[in-house]
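One file, upload.txt, carrying compact mmCIF, C-alpha atoms:
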# COMPACT_ATOMS: atom_id res chain seq x y z
CA MET Z 254 -25.79 71.51 28.42
CA LEU Z 255 -22.81 70.33 30.46
CA MET Z 256 -25.05 69.85 33.48
CA ASN Z 257 -27.46 67.75 31.43
CA GLN Z 258 -24.62 65.60 30.10
CA ALA Z 259 -23.25 65.03 33.60
CA SER Z 260 -26.71 64.18 34.87
CA THR Z 261 -27.29 61.67 32.06
CA SER Z 262 -23.94 60.05 32.71
CA LEU Z 263 -24.58 59.76 36.43
CA LEU Z 264 -28.01 58.22 35.94
CA SER Z 265 -26.55 55.52 33.69
CA LEU Z 266 -24.24 54.18 36.39
CA SER Z 267 -25.01 50.78 37.92
CA ILE Z 268 -23.41 51.18 41.31
CA ALA Z 269 -25.31 48.91 43.69
CA PRO Z 270 -28.27 46.56 44.15
CA ALA Z 271 -31.53 48.34 44.89
CA ARG Z 272 -31.59 46.63 48.29
CA VAL Z 273 -29.13 44.56 50.32
CA VAL Z 274 -30.25 42.40 53.24
CA ARG Z 275 -27.52 40.81 55.35
CA GLY Z 276 -27.34 38.96 58.62
CA ASP Z 277 -27.03 35.55 60.25
CA LYS Z 278 -30.57 34.57 59.24
CA ALA Z 279 -31.06 37.08 56.45
CA LEU Z 280 -32.78 34.65 54.09
CA ALA Z 281 -35.29 33.51 56.70
CA GLN Z 282 -36.30 37.13 57.23
CA SER Z 283 -36.53 38.05 53.55
CA GLY Z 284 -39.72 36.30 52.48
CA GLU Z 285 -41.76 39.49 52.17
CA ALA Z 286 -38.94 41.27 50.37
CA ILE Z 287 -38.74 38.44 47.82
CA ALA Z 288 -42.52 38.39 47.40
CA GLN Z 289 -42.49 42.02 46.28
CA TYR Z 290 -41.11 40.82 42.95
CA GLY Z 291 -43.98 38.51 42.12
CA ASN Z 292 -45.46 35.16 43.04
CA ARG Z 293 -43.91 33.02 40.30
CA PRO Z 294 -40.13 33.12 40.60
CA LEU Z 295 -37.83 30.91 38.57
CA ILE Z 296 -35.05 29.55 40.79
CA VAL Z 297 -31.76 29.32 38.88
CA GLY Z 298 -28.64 27.54 40.12
CA GLY Z 299 -26.55 24.42 39.94
CA GLU Z 300 -28.29 21.14 40.70
CA GLU Z 301 -25.95 20.17 43.54
CA SER Z 302 -26.04 23.60 45.17
CA LEU Z 303 -29.81 24.02 45.00
CA THR Z 304 -30.33 20.54 46.41
CA THR Z 305 -27.77 20.97 49.19
CA ASN Z 306 -29.14 24.35 50.27
CA ALA Z 307 -32.85 23.62 49.78
CA SER Z 308 -33.53 23.75 53.53
CA TYR Z 309 -32.52 27.42 53.50
CA TRP Z 310 -34.65 28.72 50.63
CA LYS Z 311 -37.58 26.35 50.12
CA PRO Z 312 -39.40 27.02 53.43
CA ILE Z 313 -39.18 30.78 52.81
CA LEU Z 314 -40.81 30.59 49.40
CA GLU Z 315 -43.41 28.08 50.55
CA LYS Z 316 -44.33 30.23 53.53
CA GLN Z 317 -45.07 33.06 51.12
CA GLY Z 318 -47.22 30.74 49.01
CA MET Z 319 -45.06 31.20 45.95
CA GLU Z 320 -45.52 29.08 42.85
CA TYR Z 321 -41.86 28.67 42.03
CA ALA Z 322 -40.11 26.51 39.46
CA ILE Z 323 -36.51 25.30 39.47
CA ALA Z 324 -34.14 25.43 36.50
CA PHE Z 325 -30.52 24.27 36.54
CA TYR Z 326 -27.86 26.07 34.56
CA SER Z 327 -25.92 23.39 32.73
CA PRO Z 328 -23.27 22.73 31.69
CA ASP Z 329 -22.05 26.30 32.33
CA CYS Z 330 -23.03 29.96 32.16
CA SER Z 331 -23.12 29.52 28.40
CA GLU Z 332 -25.25 30.63 25.47
CA ALA Z 333 -26.78 27.14 25.24
CA SER Z 334 -27.72 27.16 28.93
CA LEU Z 335 -29.28 30.60 28.64
CA ALA Z 336 -31.36 29.53 25.64
CA THR Z 337 -32.79 26.61 27.64
CA LEU Z 338 -33.43 28.85 30.63
CA ARG Z 339 -35.29 31.42 28.54
CA GLU Z 340 -37.65 28.64 27.51
CA ALA Z 341 -38.14 27.81 31.20
CA VAL Z 342 -39.01 31.45 31.91
CA THR Z 343 -41.69 31.38 29.23
CA THR Z 344 -43.07 27.99 30.25
CA HIS Z 345 -43.33 28.98 33.91
CA GLN Z 346 -44.53 32.51 33.14
CA ALA Z 347 -41.96 33.70 35.66
CA THR Z 348 -42.38 37.05 37.38
CA SER Z 349 -38.81 37.15 38.68
CA ILE Z 350 -35.51 35.30 38.65
CA ILE Z 351 -33.84 34.13 41.85
CA GLY Z 352 -30.20 33.14 41.49
CA ILE Z 353 -28.86 30.88 44.25
CA GLY Z 354 -25.27 29.64 44.25
CA GLY Z 355 -21.77 30.68 43.28
CA GLY Z 356 -20.51 33.13 40.70
CA LYS Z 357 -21.59 31.26 37.58
CA ALA Z 358 -25.09 30.59 38.93
CA LEU Z 359 -25.52 34.25 39.81
CA ASP Z 360 -24.07 35.46 36.50
CA THR Z 361 -26.52 33.18 34.70
CA ALA Z 362 -29.47 34.42 36.73
CA LYS Z 363 -28.55 38.08 36.23
CA LEU Z 364 -28.11 37.76 32.48
CA LEU Z 365 -31.28 35.70 32.14
CA ALA Z 366 -33.24 38.38 33.99
CA HIS Z 367 -31.65 41.05 31.81
CA GLN Z 368 -32.61 39.22 28.62
CA CYS Z 369 -36.17 38.57 29.82
CA HIS Z 370 -36.68 42.03 31.36
CA LEU Z 371 -37.43 40.60 34.79
CA PRO Z 372 -36.31 41.57 38.30
CA VAL Z 373 -33.49 39.46 39.74
CA ILE Z 374 -32.67 38.45 43.31
CA THR Z 375 -29.20 37.11 44.11
CA ILE Z 376 -28.51 34.79 47.03
CA PRO Z 377 -24.81 33.82 47.18
CA THR Z 378 -23.98 30.51 48.83
CA SER Z 379 -20.29 31.35 49.21
CA ALA Z 380 -18.02 34.39 49.41
CA ALA Z 381 -15.98 33.34 46.38
CA THR Z 382 -16.88 36.34 44.18
CA CYS Z 383 -18.74 39.66 44.10
CA ALA Z 384 -21.12 38.35 41.40
CA ALA Z 385 -24.11 38.80 43.71
CA TRP Z 386 -23.56 42.58 43.55
CA THR Z 387 -22.42 43.50 40.07
CA ALA Z 388 -24.13 44.52 36.81
CA LEU Z 389 -21.95 42.16 34.82
CA SER Z 390 -22.07 38.54 33.67
CA ASN Z 391 -19.28 36.38 32.24
CA ILE Z 392 -20.15 33.98 29.43
CA TYR Z 393 -18.30 30.68 29.01
CA SER Z 394 -18.37 27.89 26.47
CA ASP Z 395 -20.19 24.68 27.35
CA GLU Z 396 -16.73 23.32 28.19
CA GLY Z 397 -16.00 26.11 30.69
CA ALA Z 398 -13.71 28.36 28.64
CA PHE Z 399 -14.23 32.11 29.08
CA LEU Z 400 -15.67 33.78 25.97
CA TYR Z 401 -16.84 37.32 26.80
CA ASP Z 402 -18.60 39.44 29.40
CA VAL Z 403 -21.89 41.32 29.22
CA SER Z 404 -22.64 44.63 30.92
CA LEU Z 405 -26.15 44.60 32.36
CA ALA Z 406 -28.68 47.41 32.63
CA ARG Z 407 -28.58 47.44 36.42
CA CYS Z 408 -27.36 45.67 39.52
CA PRO Z 409 -29.67 43.08 41.14
CA ASP Z 410 -32.95 44.27 42.58
CA LEU Z 411 -32.31 42.44 45.85
CA LEU Z 412 -29.16 40.85 47.29
CA ILE Z 413 -29.56 38.57 50.30
CA LEU Z 414 -26.29 37.88 52.13
CA ASP Z 415 -27.03 35.19 54.69
CA TYR Z 416 -23.95 34.57 56.83
CA SER Z 417 -25.27 31.25 58.10
CA LEU Z 418 -25.63 30.03 54.51
CA ILE Z 419 -22.21 31.37 53.48
CA GLU Z 420 -20.63 29.61 56.45
CA THR Z 421 -21.69 26.22 55.08
CA ALA Z 422 -19.39 26.66 52.06
CA PRO Z 423 -15.87 25.21 52.08
CA THR Z 424 -13.17 27.53 53.46
CA ARG Z 425 -11.50 27.32 50.06
CA THR Z 426 -14.29 29.43 48.55
CA LEU Z 427 -13.61 32.32 50.94
CA VAL Z 428 -9.90 32.08 50.20
CA ALA Z 429 -10.69 32.27 46.49
CA GLY Z 430 -12.94 35.26 47.14
CA ILE Z 431 -10.06 37.00 48.88
CA GLY Z 432 -7.90 36.38 45.82
CA ASP Z 433 -10.54 37.78 43.48
CA ALA Z 434 -11.24 40.81 45.67
CA ILE Z 435 -7.64 41.80 46.36
CA ALA Z 436 -7.06 41.96 42.61
CA LYS Z 437 -9.22 45.12 42.56
CA TRP Z 438 -6.33 47.19 43.90
CA TYR Z 439 -3.60 45.77 41.68
CA GLU Z 440 -5.72 46.14 38.56
CA ALA Z 441 -7.54 49.41 39.29
CA SER Z 442 -4.38 51.20 40.43
CA VAL Z 443 -2.67 50.34 37.13
CA SER Z 444 -5.61 51.06 34.82
CA SER Z 445 -7.01 54.10 36.59
CA GLY Z 446 -4.53 55.26 39.23
CA ASN Z 447 -3.90 58.52 37.34
CA SER Z 448 -7.56 59.29 36.59
CA THR Z 449 -8.94 62.72 37.49
CA SER Z 450 -12.56 61.48 37.51
CA THR Z 451 -14.12 61.83 40.95
CA LEU Z 452 -15.85 58.46 41.03
CA ILE Z 453 -12.88 56.59 39.59
CA ILE Z 454 -10.59 58.18 42.18
CA ALA Z 455 -13.06 57.02 44.83
CA ALA Z 456 -13.12 53.50 43.38
CA VAL Z 457 -9.33 53.24 43.30
CA GLN Z 458 -9.07 54.42 46.89
CA GLN Z 459 -11.75 51.95 47.96
CA ALA Z 460 -9.70 49.25 46.26
CA ARG Z 461 -6.74 50.26 48.43
CA VAL Z 462 -8.94 50.05 51.54
CA LEU Z 463 -10.18 46.63 50.44
CA ARG Z 464 -6.62 45.39 49.99
CA ASP Z 465 -5.63 46.60 53.46
CA ILE Z 466 -8.68 45.01 55.10
CA LEU Z 467 -7.86 41.68 53.49
CA PHE Z 468 -4.18 41.86 54.44
CA GLN Z 469 -5.09 42.64 58.05
CA LYS Z 470 -8.03 40.32 58.64
CA SER Z 471 -7.96 37.34 56.26
CA VAL Z 472 -5.73 35.01 58.28
CA GLU Z 473 -7.82 35.42 61.43
CA ALA Z 474 -11.09 35.18 59.49
CA ILE Z 475 -10.13 31.88 57.90
CA LYS Z 476 -9.27 30.46 61.31
CA GLN Z 477 -12.58 31.60 62.86
CA PRO Z 478 -15.52 30.90 60.53
CA GLY Z 479 -18.67 32.67 61.67
CA SER Z 480 -16.81 35.19 63.83
CA ASP Z 481 -17.11 38.97 63.57
CA VAL Z 482 -13.84 39.23 61.66
CA TRP Z 483 -14.99 36.46 59.32
CA ARG Z 484 -18.17 38.44 58.55
CA GLU Z 485 -16.06 41.51 57.86
CA VAL Z 486 -14.00 39.61 55.30
CA VAL Z 487 -17.15 38.15 53.73
CA ASP Z 488 -18.54 41.69 53.44
CA ALA Z 489 -15.26 42.75 51.83
CA THR Z 490 -15.25 40.01 49.19
CA VAL Z 491 -18.95 40.05 48.29
CA LEU Z 492 -20.02 43.65 48.91
CA LEU Z 493 -17.07 46.06 48.97
CA ALA Z 494 -15.49 44.44 45.92
CA GLY Z 495 -18.79 45.02 44.12
CA VAL Z 496 -18.89 48.67 45.18
CA ILE Z 497 -15.54 49.27 43.50
CA GLY Z 498 -16.72 47.87 40.20
CA GLY Z 499 -19.93 49.88 40.47
CA LEU Z 500 -18.20 53.19 41.11
CA GLY Z 501 -15.32 52.72 38.72
CA GLY Z 502 -17.03 50.73 35.99
CA ALA Z 503 -15.00 49.01 33.30
CA GLN Z 504 -12.06 51.33 33.89
CA CYS Z 505 -11.52 49.85 37.36
CA ARG Z 506 -12.68 46.33 36.70
CA THR Z 507 -9.99 44.14 35.20
CA VAL Z 508 -6.51 44.29 33.72
CA ALA Z 509 -3.89 41.53 33.41
CA ALA Z 510 -4.91 39.38 36.38
CA HIS Z 511 -8.35 38.64 34.96
CA ALA Z 512 -6.93 38.35 31.43
CA VAL Z 513 -4.64 35.58 32.70
CA HIS Z 514 -7.66 33.91 34.30
CA ASN Z 515 -9.54 34.08 31.01
CA GLY Z 516 -6.67 32.49 29.12
CA LEU Z 517 -6.21 29.73 31.69
CA THR Z 518 -9.88 28.70 31.46
CA HIS Z 519 -9.11 27.37 27.98
CA ILE Z 520 -6.94 24.68 29.60
CA ALA Z 521 -9.28 21.96 30.85
CA THR Z 522 -7.05 21.08 33.80
CA THR Z 523 -7.67 24.50 35.38
CA HIS Z 524 -11.41 23.91 35.67
CA LYS Z 525 -10.68 22.28 39.01
CA SER Z 526 -9.40 25.64 40.24
CA LEU Z 527 -11.78 28.35 41.39
CA HIS Z 528 -12.14 31.70 39.64
CA GLY Z 529 -10.44 33.62 42.43
CA GLU Z 530 -7.54 31.18 42.56
CA LYS Z 531 -6.74 31.79 38.91
CA VAL Z 532 -7.18 35.55 39.35
CA ALA Z 533 -4.84 35.53 42.37
CA PHE Z 534 -2.21 33.80 40.27
CA GLY Z 535 -2.87 36.39 37.59
CA ILE Z 536 -1.98 39.22 39.99
CA LEU Z 537 1.47 37.70 40.44
CA VAL Z 538 1.82 37.45 36.67
CA GLN Z 539 0.84 41.11 36.25
CA LEU Z 540 3.39 42.23 38.82
CA ARG Z 541 6.02 40.01 37.23
CA LEU Z 542 5.37 41.70 33.87
CA GLU Z 543 5.92 45.10 35.50
CA GLU Z 544 9.21 43.86 36.91
CA MET Z 545 10.49 42.25 33.72
CA LEU Z 546 9.39 44.88 31.21
CA LEU Z 547 9.69 48.07 33.26
CA GLY Z 548 12.15 47.16 36.02
CA ASN Z 549 9.52 48.32 38.50
CA GLN Z 550 10.91 47.77 42.00
CA LEU Z 551 7.56 48.54 43.65
CA ALA Z 552 6.15 45.59 41.74
CA VAL Z 553 8.98 43.43 43.11
CA THR Z 554 8.06 44.42 46.67
CA ALA Z 555 4.33 43.97 46.06
CA ARG Z 556 4.81 40.50 44.57
CA GLN Z 557 6.98 39.35 47.46
CA GLN Z 558 4.36 40.67 49.90
CA LEU Z 559 1.63 38.78 48.05
CA LEU Z 560 3.66 35.57 47.94
CA LYS Z 561 3.96 35.68 51.73
CA PHE Z 562 0.23 36.43 52.09
CA TYR Z 563 -0.74 33.67 49.68
CA GLY Z 564 1.37 31.23 51.63
CA GLU Z 565 -0.47 32.15 54.83
CA ILE Z 566 -4.00 31.69 53.45
CA GLY Z 567 -3.48 29.05 50.74
CA LEU Z 568 -3.69 30.88 47.39
CA PRO Z 569 -1.71 29.53 44.42
CA GLN Z 570 1.73 31.01 43.81
CA THR Z 571 2.80 29.04 40.73
CA LEU Z 572 1.44 27.10 37.78
CA GLU Z 573 2.18 23.95 39.77
CA ASP Z 574 -0.16 25.16 42.52
CA LEU Z 575 -2.92 25.42 39.90
CA GLY Z 576 -2.35 21.79 38.91
CA LEU Z 577 -0.38 22.80 35.82
CA GLY Z 578 2.99 21.37 36.73
CA ASN Z 579 2.97 19.30 33.53
CA ILE Z 580 1.53 21.94 31.23
CA THR Z 581 2.83 21.68 27.68
CA LEU Z 582 4.46 24.57 25.90
CA ALA Z 583 1.64 24.48 23.34
CA GLU Z 584 -1.00 24.76 26.08
CA LEU Z 585 0.83 27.62 27.76
CA GLN Z 586 1.23 29.46 24.48
CA ALA Z 587 -2.45 29.00 23.62
CA ALA Z 588 -3.52 30.42 26.99
CA ALA Z 589 -1.12 33.36 26.60
CA GLU Z 590 -2.37 34.13 23.08
CA ILE Z 591 -5.98 34.18 24.30
CA ALA Z 592 -5.01 36.43 27.21
CA CYS Z 593 -3.31 38.78 24.72
CA ASN Z 594 -6.02 38.87 22.06
CA PRO Z 595 -6.84 42.37 20.72
CA ASP Z 596 -9.94 42.79 22.93
CA SER Z 597 -8.25 41.57 26.10
CA ASP Z 598 -8.18 43.65 29.27
CA ILE Z 599 -4.43 43.01 29.45
CA HIS Z 600 -4.06 45.94 27.09
CA ARG Z 601 -5.17 48.27 29.89
CA LEU Z 602 -1.59 47.93 31.11
CA PRO Z 603 0.46 51.07 30.34
CA PHE Z 604 2.86 49.02 28.22
CA GLU Z 605 2.58 46.47 25.43
CA VAL Z 606 2.59 42.77 26.25
CA VAL Z 607 3.01 39.97 23.73
CA PRO Z 608 2.34 36.26 24.36
CA GLN Z 609 6.01 35.32 24.73
CA GLN Z 610 6.48 37.90 27.49
CA LEU Z 611 3.32 36.75 29.22
CA MET Z 612 4.50 33.13 29.09
CA ALA Z 613 7.79 34.16 30.69
CA ALA Z 614 5.93 35.91 33.50
CA MET Z 615 3.57 32.96 34.02
CA VAL Z 616 6.42 30.52 34.62
CA SER Z 617 8.32 32.81 37.00
CA THR Z 618 5.75 34.11 39.47
CA SER Z 619 7.78 32.92 42.46
CA ALA Z 620 11.13 34.17 41.12
CA LEU Z 621 13.45 36.40 43.10
CA GLY Z 622 13.07 40.10 42.42
CA ASP Z 623 15.13 40.70 39.32
CA ARG Z 624 14.58 41.36 35.64
CA ASN Z 625 16.07 38.11 34.47
CA LEU Z 626 13.76 35.35 33.37
CA VAL Z 627 13.98 32.37 35.68
CA GLU Z 628 14.22 29.18 33.70
CA LYS Z 629 11.55 26.61 34.43
CA ASN Z 630 11.28 23.03 33.30
CA ILE Z 631 8.21 22.81 31.07
CA ASN Z 632 7.10 19.45 29.76
CA ILE Z 633 6.59 20.00 26.03
CA GLY Z 634 5.53 16.47 25.28

Could you render the structure as structure tokens?
Amino acid sequence: MLMNQASTSLLSLSIAPARVVRGDKALAQSGEAIAQYGNRPLIVGGEESLTTNASYWKPILEKQGMEYAIAFYSPDCSEASLATLREAVTTHQATSIIGIGGGKALDTAKLLAHQCHLPVITIPTSAATCAAWTALSNIYSDEGAFLYDVSLARCPDLLILDYSLIETAPTRTLVAGIGDAIAKWYEASVSSGNSTSTLIIAAVQQARVLRDILFQKSVEAIKQPGSDVWREVVDATVLLAGVIGGLGGAQCRTVAAHAVHNGLTHIATTHKSLHGEKVAFGILVQLRLEEMLLGNQLAVTARQQLLKFYGEIGLPQTLEDLGLGNITLAELQAAAEIACNPDSDIHRLPFEVVPQQLMAAMVSTSALGDRNLVEKNINIG
């Protein structure tokens, strides 16, 4: 019986895409692989991204003689967008979904495919997240505020990582991807560092490896787009970060850093910041909480190390860096309350956090290493 239970549990894991194709011209060489999933794909993405990158994907589909249709997710990866897209699936009689774009485009495509019981192909156009890999989609309001996430039945059927396409994205997207990926260690080590489960231990250790790779190679990679070290960092942010979530599941996925991100999305001003930028800020907040509430000196050292690293690659260190220098006390409190709601991942921390404590941490991410709250001037107008 125990063997059967273990077997059932193992089979239910969604660790990786069924196939990953990567290379400098990976998309151009993937026509036959895409065609295996039917001749009538629905292309899902943002209007600007699909238009800008059309020269990469259109010739491939046309060469295969595919009867594709295009559908834009708008205004966000939201319930309203998904309802419209499901109608497009039916109208086109789609045989597969192809998601092309950033994290929200890929999350939309994956969830749409899940809802319609269709295969899904993910083609990331930047290295800003690991969304191309994972069996998870985040749902937002039409206004861009995080609402909830959805676990999917499986990872994508095909992931195409085309370095030449990724290289066309702004450097800022890779920097954001580094911020999102490096959070894996700081969150997984807190939520699951004491686990005795084999796969969770493996995931936590992979998160440590990912952190070290990013510390060692990110600065050089950012300076040399398209280089070997740049490709290694792209692999780390898109692929290795996804492996960790696949192996460790929800227990290794998110803690306070992503909870802070989720709260901040409810402030319209932060919509100009990328997902990974808000998550990176959230890591500093999480470490600050450990300092203030536990007196954890390792957290002090880790935060100072991250502040130096962020300064080198351009990740936000303070609310001001996120464009929130004039945030009102009411806005800050609202974001903190959302981040601390009963279902929030912040409660994976091994200590209780209330909104007032979170607010104190959010305004003192660049403070010196002590347990005293650093006073900040907050416009409460």

Of the listed residues Z:Ile323, Z:Val373, Z:Cys505, Z:Ala588, that which approaches Z:Gln609 most closely, counting only C-alpha atoms: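 Answer, going by the shortest atom-to-atom distance: Z:Ala588.
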
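Atom CA of Z:Ser619 is found 6.5 Å from atom CA of Z:Thr571.
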
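Coordinates place atom CA of Z:Leu400 at a distance of 25.3 Å from atom CA of Z:Ser442.
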
Answer as a PyMOL selection string, residues within 10 Å of (-8.7, 35.2, 36.2) using only C-alpha atoms: chain Z and resi 399+432-433+436+507-518+527-536+592

Neighbour list for Z:Val486 as a PyMOL selection string, cut-off 7 Å, only C-alpha atoms, skip fewer than 3 positions in-chain: chain Z and resi 467+470-471+474+482-483+489-490

Test item: which residues lie within 12 Å of (-37.8, 25.2, 53.1) counting only C-alpha atoms, as a VMD selection string: chain Z and resid 280 to 281 284 303 to 319

Straight-line distance linking atom CA of Z:Asp360 with atom CA of Z:Asp481, stated in Å to one decimal: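 Between these atoms lies a distance of 28.2 Å.
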
Of the listed residues Z:Ala422, Z:Leu414, Z:Val428, Z:Ala362, that which approaches Z:Gly564 most closely, counting only C-alpha atoms: Z:Val428
